[in-house]
Amino acid sequence: MSAKQKRILTFIFRWSLTLGVAMIILIPLYWVFISSITPRGELFSTPINFFPENFTFQNYVDLFVELDVATMAWNTLIITVCSLLLTIILGTAAAYAFARFELFQSVSWAFRLLLFSALIPPVITARPLYDFMKSFDLVDTYAGLIILYTSLLLPFSVLILYNFVKQIPASLEEAAQIDGANFGTILFKIYFPLMKPAIATVSIINFIQSLNEFFTPLFFTYKIKLLSVGITTVPRESNFEVPWDLISAMGWFIILPIILFVLFFEKNIMEGITQGGVKQ
Amino acid sequence: MQGSMKRSTKWKLAMLLILPVLLIRGFTIVYPLIVTFINSFFEINMFKGGEATFVGLQNFASIFTDGKIIASVNFTIVFTVVSMIFHVILGLGLALLLNMKFKGKKFLRTITLIPWAMPMVVTGIAAKWAFNDSYGLVNDLIRRIAPEFQFDWLIHPWSAQLAVILVDLWKDIPFFAILLLAGLQFIPEEIYESAKIDGAGHIKSFFKITLPMVTPTLLTLCIFFTMWRITMYDLVYAMTSGGPGDSTSLLAYRIAVEAFTNLNIGYASALALMLFLIMIVFSSINLLFIKKAQY
């Protein structure tokens, strides 16, 4: 086999695998999309028409009119943004302390405990936590959800930010100290600006995680509707019927921003998840 | 801050900075965990008034004779083992593909991130419809090859279990591969080059260089992914609601049903505690591996 033949074979091998993987991932997404724009009458027909001649955005209109997804999106956004901000503020402060005062036994043990606590699945703590939140009237409130979301996001965020603080030389803040800077100035004027890339990475991943969070809103809210739970409660006309028209539209309404996010921030996300290696 | 402060001042400052995080995690994780521990020794059933009666280890004893739990545990084990085997094989394959230097690299990496970034519920709900006999995507694709094919995946226990596993693989193998890719990138290029000079082919250098060097990462990932499999909830909630019968009710799903639907809190706590002990065993194995990899 000549070198040229070998090159062509490698080319075909790589690209056929790549396209195979891409099709396995994208065909289901494409199918959900065409379902969402197919007119209701044509949806329940076989075989599936992958290139529909008629299309409609009626399902998306119905989402807003019948299901009020605007409110769900708004609730999701408020909770996501608030928990993100809280996580960044508390997480950066804690990450700084964990990284700079590691010599204290108590501090390094607290850090280990925090990471270990991330492994405890929510289903183990859910029931007592529910009763506990209820005793403070925090069930079905924004505040309650924000606390729970922040708690979920913290371990991963602290870990990433901690790794980043460790890379910043301590001599930097010592110099600032000699110049008379106090602690607040050092944290806000030196650390926050330097940590921007890490904060961006953490925020992007946390944003996706909070949009996707399902267990917490499922058990800790009834009236505050979020997108992730909303898609499971699309009303059906009978037990045998699946409102696939609305569900597929809602599915795309949820995943489109996520896909755009992935396209824009592919590099940050890659960096973040390979550094933390932890899902939540 | 390091130099000028007294040791005690430093400690106070450190505590002040980490306290909010510890409080939040303490109240939302540690405290409920302790309550779960205590509740597991009581019979508390909200349908029977919700009063707590001390029953010792009886909750734990009933676990072993409860047919629903045995079904859950069985499927959790099958689900985890089968899923993990394919995670390792296909995940490694995909990671190798992601690690190749060619024009499609960025395209492939971006696409691979999509299943990870999607909510599990959306995946599960779409999957429920995709495995529908008449209108689903899966049978439609099969019918393009075998036109007469008819099969309702989610009404037979074995095929529902298979479908759940397939969806789990679709959703999480890409993530597994991306994390594995980080391990692959640590292998220095020079090793491959010198192996090439020594006459080693692709297959030989995979088994002699890539596999041994990526094994520590692979093991750590397996521990984490196994734990996530054992505690998976969203997928079966959205896709099968644990059915048909109890054939796909993973352990975490079963616990949530006992705790929030049957309101059998004492029993649910005992189950949760059992799950917690399994997690402890796995994370200790994890620590052992990490120690080994370091020395």
# chains A, B, ... in the order shown; residues from 1 in each chain; ligands from 1
$ closest_atom_pairs --of "chain A" --to "chain B" --cutoff "7 Å" --atoms "only C-alpha atoms" --output "CSV"
residue,atom,partner,partner_atom,distance
A:Thr18,CA,B:Leu108,CA,6.6
A:Ala22,CA,B:Ile111,CA,6.6
A:Phe44,CA,B:Tyr135,CA,6.4
A:Ser45,CA,B:Tyr135,CA,6.9
A:Thr46,CA,B:Tyr135,CA,6.4
A:Pro47,CA,B:Asp140,CA,6.2
A:Ile48,CA,B:Asp140,CA,6.7
A:Leu90,CA,B:Val21,CA,6.4
A:Ala93,CA,B:Leu17,CA,5.4
A:Ala94,CA,B:Ile18,CA,4.4
A:Ala97,CA,B:Ala14,CA,5.1
A:Phe101,CA,B:Ala14,CA,6.5
A:Pro121,CA,B:Thr231,CA,6.5
A:Val123,CA,B:Ala252,CA,6.3
A:Ile124,CA,B:Ala272,CA,4.8
A:Thr125,CA,B:Pro32,CA,5.1
A:Arg127,CA,B:Ala259,CA,6.3
A:Pro128,CA,B:Pro32,CA,5.1
A:Leu129,CA,B:Pro32,CA,5.3
A:Ser151,CA,B:Arg25,CA,5.8
A:Glu173,CA,B:Met1,CA,6.9
A:Glu174,CA,B:Met1,CA,6.5
A:Gln177,CA,B:Met1,CA,6.9
A:Ile208,CA,B:Ala117,CA,6.4
A:Asn212,CA,B:Pro119,CA,4.5
A:Ser228,CA,B:Val121,CA,6.9
A:Thr232,CA,B:Ala238,CA,6.9
A:Gly251,CA,B:Val122,CA,5.9
A:Ile255,CA,B:Met118,CA,6.3
A:Ile258,CA,B:Ala117,CA,6.6
A:Ile259,CA,B:Ile114,CA,6.3
A:Val262,CA,B:Thr110,CA,6.8
A:Leu263,CA,B:Thr110,CA,6.4
A:Glu266,CA,B:Thr110,CA,6.0
A:Thr274,CA,B:Leu179,CA,5.4
A:Gly277,CA,B:Leu179,CA,6.6
$ write_last_selection --atoms "C-alpha atoms" --output "compact mmCIF listing (two decimals), in the first residue's frame"
# COMPACT_ATOMS: atom_id res chain seq x y z
CA THR A 18 -17.16 11.19 12.73
CA ALA A 22 -22.74 12.96 14.44
CA PHE A 44 -49.45 10.76 13.53
CA SER A 45 -48.64 9.21 10.19
CA THR A 46 -46.15 6.58 9.15
CA PRO A 47 -43.50 6.55 7.88
CA ILE A 48 -42.01 9.66 9.41
CA LEU A 90 -19.77 32.56 48.20
CA ALA A 93 -14.59 33.66 48.92
CA ALA A 94 -14.50 30.05 50.09
CA ALA A 97 -9.80 30.63 51.92
CA PHE A 101 -5.24 28.85 54.47
CA PRO A 121 -27.27 11.90 45.93
CA VAL A 123 -32.68 11.27 46.83
CA ILE A 124 -31.06 10.30 50.14
CA THR A 125 -31.59 13.71 51.72
CA ARG A 127 -37.45 13.77 52.37
CA PRO A 128 -35.98 15.23 55.60
CA LEU A 129 -34.85 18.27 53.65
CA SER A 151 -26.12 24.20 47.45
CA GLU A 173 -1.15 40.05 47.28
CA GLU A 174 1.86 40.43 49.57
CA GLN A 177 -0.36 44.53 51.27
CA ILE A 208 -26.46 24.60 32.01
CA ASN A 212 -31.34 21.08 33.60
CA SER A 228 -37.68 21.21 33.32
CA THR A 232 -43.44 16.46 32.20
CA GLY A 251 -38.35 20.15 24.08
CA ILE A 255 -32.72 22.72 24.26
CA ILE A 258 -28.55 25.07 25.49
CA ILE A 259 -27.29 24.10 22.03
CA VAL A 262 -22.56 24.85 23.63
CA LEU A 263 -21.73 26.27 20.19
CA GLU A 266 -17.37 24.93 23.57
CA THR A 274 -12.23 18.19 32.26
CA GLY A 277 -14.70 16.04 36.28
$ residues_around --residues "A:Lys134" --least-positions-apart "5" --cutoff "12 Å" --atoms "only C-alpha atoms" --output "ChimeraX atom specification"
/A:126-129,139-141,144,219-221
$ write_last_selection --atoms "N, CA, C and O atoms" --output "compact mmCIF listing (two decimals), in the first residue's frame"
# COMPACT_ATOMS: atom_id res chain seq x y z
N ALA A 126 -33.58 14.04 50.35
CA ALA A 126 -34.75 14.80 49.91
C ALA A 126 -35.87 14.89 50.93
O ALA A 126 -36.38 15.97 51.22
N ARG A 127 -36.26 13.76 51.50
CA ARG A 127 -37.45 13.77 52.37
C ARG A 127 -37.25 14.61 53.63
O ARG A 127 -38.04 15.51 53.90
N PRO A 128 -36.18 14.36 54.42
CA PRO A 128 -35.98 15.23 55.60
C PRO A 128 -35.77 16.69 55.21
O PRO A 128 -36.23 17.59 55.90
N LEU A 129 -35.09 16.90 54.09
CA LEU A 129 -34.85 18.27 53.65
C LEU A 129 -36.17 18.96 53.34
O LEU A 129 -36.36 20.14 53.67
N VAL A 139 -40.62 25.93 51.23
CA VAL A 139 -41.05 25.10 50.10
C VAL A 139 -41.91 25.95 49.18
O VAL A 139 -42.71 26.77 49.65
N ASP A 140 -41.71 25.77 47.86
CA ASP A 140 -42.48 26.52 46.88
C ASP A 140 -42.24 28.03 46.94
O ASP A 140 -43.14 28.83 46.73
N THR A 141 -41.01 28.42 47.27
CA THR A 141 -40.65 29.84 47.21
C THR A 141 -39.38 30.00 46.37
O THR A 141 -38.60 29.06 46.26
N GLY A 144 -36.29 29.54 48.68
CA GLY A 144 -35.99 28.15 48.97
C GLY A 144 -35.27 27.48 47.81
O GLY A 144 -34.25 26.80 47.97
N PHE A 219 -39.75 18.22 43.55
CA PHE A 219 -40.24 17.95 44.89
C PHE A 219 -40.41 19.20 45.75
O PHE A 219 -41.12 19.15 46.74
N PHE A 220 -39.76 20.29 45.39
CA PHE A 220 -39.79 21.45 46.28
C PHE A 220 -40.65 22.60 45.79
O PHE A 220 -40.63 23.68 46.37
N THR A 221 -41.39 22.39 44.68
CA THR A 221 -42.34 23.43 44.26
C THR A 221 -43.62 22.78 43.74
O THR A 221 -43.60 21.65 43.25
$ select_by_dssp --residues "stretch 30-277 of chain A" --states "helix (DSSP H, G or I)" --output "ChimeraX atom specification"
/A:30-37,40-43,58-66,69-100,105-117,122-135,142-167,171-178,183-194,196-212,215-220,227-233,244-276
$ residues_around --residues "stretch 202-216 of chain B" --least-positions-apart "5" --cutoff "12 Å" --atoms "only C-alpha atoms" --output "PyMOL selection string"
(chain A and resi 10) or (chain B and resi 88-89+92-93+95-96+99+177+179-197+221-223+286-295)
$ write_last_selection --atoms "C-alpha atoms" --output "PDB file, in the first residue's frame"
ATOM      1  CA  THR A  10      -7.226   7.098   7.040  1.00  0.00           C
TER       2      THR A  10
ATOM      3  CA  VAL B  88     -15.825   1.861  28.698  1.00  0.00           C
ATOM      4  CA  ILE B  89     -15.716   0.273  25.235  1.00  0.00           C
ATOM      5  CA  LEU B  92     -12.750   4.810  24.819  1.00  0.00           C
ATOM      6  CA  GLY B  93     -13.398   4.536  21.088  1.00  0.00           C
ATOM      7  CA  ALA B  95     -12.283   9.488  23.075  1.00  0.00           C
ATOM      8  CA  LEU B  96      -9.653   8.155  20.651  1.00  0.00           C
ATOM      9  CA  ASN B  99      -8.137  12.936  20.200  1.00  0.00           C
ATOM     10  CA  ALA B 177     -15.442  10.234  26.278  1.00  0.00           C
ATOM     11  CA  LEU B 179     -13.479  13.290  30.371  1.00  0.00           C
ATOM     12  CA  LEU B 180     -11.374  10.418  29.075  1.00  0.00           C
ATOM     13  CA  LEU B 181      -9.988  12.712  26.388  1.00  0.00           C
ATOM     14  CA  ALA B 182      -8.412  14.815  29.144  1.00  0.00           C
ATOM     15  CA  GLY B 183      -6.521  11.713  30.248  1.00  0.00           C
ATOM     16  CA  LEU B 184      -5.432  10.919  26.691  1.00  0.00           C
ATOM     17  CA  GLN B 185      -4.062  14.416  26.193  1.00  0.00           C
ATOM     18  CA  PHE B 186      -1.634  13.922  29.074  1.00  0.00           C
ATOM     19  CA  ILE B 187       0.203  11.189  27.175  1.00  0.00           C
ATOM     20  CA  PRO B 188       3.288  12.849  25.665  1.00  0.00           C
ATOM     21  CA  GLU B 189       3.523  12.707  21.868  1.00  0.00           C
ATOM     22  CA  GLU B 190       7.201  11.623  22.035  1.00  0.00           C
ATOM     23  CA  ILE B 191       6.302   8.216  23.438  1.00  0.00           C
ATOM     24  CA  TYR B 192       4.267   7.429  20.333  1.00  0.00           C
ATOM     25  CA  GLU B 193       6.993   8.725  18.066  1.00  0.00           C
ATOM     26  CA  SER B 194       9.704   6.613  19.625  1.00  0.00           C
ATOM     27  CA  ALA B 195       7.382   3.590  19.535  1.00  0.00           C
ATOM     28  CA  LYS B 196       6.847   4.252  15.839  1.00  0.00           C
ATOM     29  CA  ILE B 197      10.600   4.320  15.249  1.00  0.00           C
ATOM     30  CA  LEU B 221     -14.233   7.727  35.770  1.00  0.00           C
ATOM     31  CA  CYS B 222     -15.753   4.272  36.179  1.00  0.00           C
ATOM     32  CA  ILE B 223     -16.227   4.862  39.893  1.00  0.00           C
ATOM     33  CA  ASN B 286     -12.127   5.576  44.663  1.00  0.00           C
ATOM     34  CA  LEU B 287      -9.797   7.024  47.321  1.00  0.00           C
ATOM     35  CA  LEU B 288      -7.739   3.824  47.227  1.00  0.00           C
ATOM     36  CA  PHE B 289      -7.331   4.083  43.470  1.00  0.00           C
ATOM     37  CA  ILE B 290      -6.372   7.745  43.610  1.00  0.00           C
ATOM     38  CA  LYS B 291      -3.734   6.978  46.252  1.00  0.00           C
ATOM     39  CA  LYS B 292      -2.352   4.172  44.084  1.00  0.00           C
ATOM     40  CA  ALA B 293      -2.248   6.395  41.028  1.00  0.00           C
ATOM     41  CA  GLN B 294      -0.282   9.023  42.945  1.00  0.00           C
ATOM     42  CA  TYR B 295       2.522   6.765  44.092  1.00  0.00           C
TER      43      TYR B 295
END
$ residues_around --residues "B:Ser247" --least-positions-apart "3" --cutoff "6 Å" --atoms "only C-alpha atoms" --output "ChimeraX atom specification"
/B:157,243-244
$ residues_around --residues "A:Met250" --least-positions-apart "2" --cutoff "8 Å" --atoms "only C-alpha atoms" --output "PDB file with C-alpha atoms, in the first residue's frame"
ATOM      1  CA  TYR A  60     -44.806  27.076  19.508  1.00  0.00           C
ATOM      2  CA  LEU A  63     -46.837  26.736  24.117  1.00  0.00           C
ATOM      3  CA  ILE A 231     -42.328  19.467  30.112  1.00  0.00           C
ATOM      4  CA  LEU A 246     -46.576  20.276  22.294  1.00  0.00           C
ATOM      5  CA  ILE A 247     -43.926  18.163  23.986  1.00  0.00           C
ATOM      6  CA  SER A 248     -41.635  18.240  20.958  1.00  0.00           C
ATOM      7  CA  TRP A 252     -36.876  22.373  21.406  1.00  0.00           C
ATOM      8  CA  PHE A 253     -37.785  25.496  23.299  1.00  0.00           C
ATOM      9  CA  ILE A 254     -35.660  24.147  26.176  1.00  0.00           C
TER      10      ILE A 254
END
